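A.B. asks: Pasting query.tsv below, which is TSV, C-alpha atoms.
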```tsv
chain	number	residue	atom	x	y	z
L	1	ARG	CA	-35.53	27.14	-46.33
L	2	LEU	CA	-38.90	27.44	-48.03
L	3	LEU	CA	-40.52	24.73	-45.90
L	4	GLN	CA	-38.97	26.19	-42.74
L	5	ALA	CA	-40.38	29.62	-43.58
L	6	ILE	CA	-43.83	28.12	-44.11
L	7	ARG	CA	-43.66	26.21	-40.80
L	8	GLU	CA	-42.60	29.33	-38.90
L	9	ARG	CA	-45.32	31.57	-40.36
L	10	GLU	CA	-48.30	32.10	-38.11
L	11	PHE	CA	-51.75	32.68	-39.54
L	12	ALA	CA	-54.68	34.21	-37.71
L	13	TYR	CA	-58.22	33.00	-38.17
L	14	GLU	CA	-60.79	34.62	-35.94
L	15	GLN	CA	-59.22	34.18	-32.48
L	16	HIS	CA	-57.08	31.20	-33.44
L	17	ARG	CA	-53.41	31.09	-34.33
L	18	LEU	CA	-52.63	28.52	-37.02
L	19	HIS	CA	-49.41	26.97	-38.26
L	20	ILE	CA	-49.28	25.12	-41.56
L	21	SER	CA	-46.90	22.88	-43.44
L	22	ALA	CA	-46.53	22.12	-47.13
L	23	SER	CA	-45.45	19.35	-49.47
L	24	LEU	CA	-44.12	20.32	-52.89
L	25	GLY	CA	-43.48	18.38	-56.08
L	26	LEU	CA	-40.88	19.80	-58.46
L	27	ALA	CA	-40.17	19.06	-62.11
L	28	GLN	CA	-38.15	20.89	-64.74
L	29	LEU	CA	-39.34	21.18	-68.34
L	30	ARG	CA	-37.34	18.89	-70.64
L	31	PRO	CA	-36.53	19.83	-74.25
L	32	GLY	CA	-39.50	18.96	-76.45
L	33	GLU	CA	-41.67	17.94	-73.51
L	34	SER	CA	-45.36	18.79	-73.43
L	35	LEU	CA	-46.78	20.86	-70.60
L	36	ASP	CA	-49.12	17.96	-69.78
L	37	SER	CA	-46.12	15.70	-69.21
L	38	LEU	CA	-44.34	18.33	-67.09
L	39	TYR	CA	-47.48	18.75	-64.97
L	40	ALA	CA	-47.82	14.96	-64.59
L	41	ARG	CA	-44.21	14.61	-63.38
L	42	ALA	CA	-44.64	17.47	-60.89
L	43	ASP	CA	-47.88	15.87	-59.69
L	44	LEU	CA	-46.14	12.53	-59.19
L	45	ALA	CA	-43.39	14.26	-57.25
L	46	LEU	CA	-46.04	15.85	-55.02
L	47	TYR	CA	-47.62	12.44	-54.35
L	48	ALA	CA	-44.16	11.07	-53.55
L	49	ALA	CA	-43.49	13.92	-51.08
L	50	LYS	CA	-46.77	13.19	-49.31
L	51	ALA	CA	-46.09	9.44	-49.27
L	52	ALA	CA	-42.65	10.07	-47.76
L	53	GLY	CA	-44.17	11.72	-44.72
L	54	ARG	CA	-45.49	15.10	-45.88
L	55	ASP	CA	-43.94	18.48	-45.15
L	56	ARG	CA	-41.31	17.71	-47.80
L	57	ILE	CA	-40.09	18.67	-51.23
L	58	SER	CA	-39.76	15.91	-53.81
L	59	ASP	CA	-37.89	16.27	-57.09
L	60	ASP	CA	-38.99	14.10	-60.00
L	61	GLU	CA	-35.35	13.40	-60.90
L	62	ASP	CA	-34.37	12.06	-57.48
L	63	ASP	CA	-37.46	10.29	-56.21
L	64	LEU	CA	-37.69	6.52	-56.71
L	65	LEU	CA	-41.52	6.48	-56.55
L	66	VAL	CA	-41.71	8.98	-59.39
L	67	LYS	CA	-39.20	7.06	-61.50
L	68	GLN	CA	-41.13	3.83	-61.01
L	69	ALA	CA	-44.42	5.47	-61.95
L	70	MET	CA	-42.89	6.99	-65.08
L	71	ARG	CA	-41.69	3.51	-66.16
L	72	ASP	CA	-45.17	1.97	-65.83
L	73	GLY	CA	-46.91	1.01	-69.03
L	74	ASP	CA	-44.97	1.21	-72.28
L	75	GLY	CA	-42.39	3.70	-70.97
L	76	ASN	CA	-43.85	6.66	-72.87
L	77	THR	CA	-43.02	9.54	-70.51
L	78	ASP	CA	-44.76	12.15	-72.68
L	79	ARG	CA	-48.16	10.83	-71.58
L	80	PRO	CA	-49.26	11.61	-68.03
L	81	PRO	CA	-48.97	8.44	-65.92
L	82	SER	CA	-51.37	7.43	-63.19
L	83	PRO	CA	-50.33	8.80	-59.79
L	84	PRO	CA	-49.12	6.28	-57.21
L	85	ALA	CA	-51.48	5.28	-54.43
L	86	VAL	CA	-51.19	7.49	-51.37
L	87	PRO	CA	-52.46	6.26	-48.02
L	88	PRO	CA	-55.17	8.42	-46.43
L	89	ALA	CA	-54.04	11.04	-43.94
```
For this file, write the structure as structure tokens.
C.D. replies:
Amino acid sequence: RLLQAIREREFAYEQHRLHISASLGLAQLRPGESLDSLYARADLALYAAKAAGRDRISDDEDDLLVKQAMRDGDGNTDRPPSPPAVPPA
């Protein structure tokens, strides 16, 4: 519903009417997790939403791209991983 509300909202700029869309990355704080790690997982979920076609919501628990990125390296998920490559728009 959130994305639909954003798509339906009209913005005015000078004499132009604009419509926007949004991609969101969601993550929930885990017990004992650092805020840096939470932010990194939400950021990865955002990259995954954009890579999946934009105008989407991606959850770090459900998205395969996020899970793969979190497994990169030595598996330490408390350290922010590198975001996956996203093709240019």
A.B. asks: Need the axis-aligned box for region 46-54 of chain L with 8 Å each side, so what are the centre and edges in Å to one decimal, as JSON?
C.D. replies:
```
{"center_x": -45.1, "center_y": 12.6, "center_z": -49.9, "size_x": 21.0, "size_y": 22.4, "size_z": 26.3}
```
A.B. asks: If I take CA of Gln28 (chain L) and CA of Leu46 (chain L), how far is one from the other in Å, to one decimal?
C.D. replies: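 Those two atoms sit 13.5 Å apart.
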A.B. asks: What separation in Å, quoted to one decimal, exists between CA of Asp59 (chain L) and CA of Gly32 (chain L)?
C.D. replies: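 Going from CA of Asp59 (chain L) over to CA of Gly32 (chain L), I get 19.6 Å.
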A.B. asks: Take the point (-40.8, 13.9, -62.3) as written in the file and pick out every residue within 7 Å of it, counting all atoms listed in the file; give the list as a ChimeraX atom specification.
C.D. replies: /L:27,41-42,44-45,59-61,66
A.B. asks: What does the structure give for the distance between CA of Arg54 (chain L) and CA of Leu24 (chain L), in Å to one decimal?
C.D. replies: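 CA of Arg54 (chain L) sits 8.8 Å away from CA of Leu24 (chain L).
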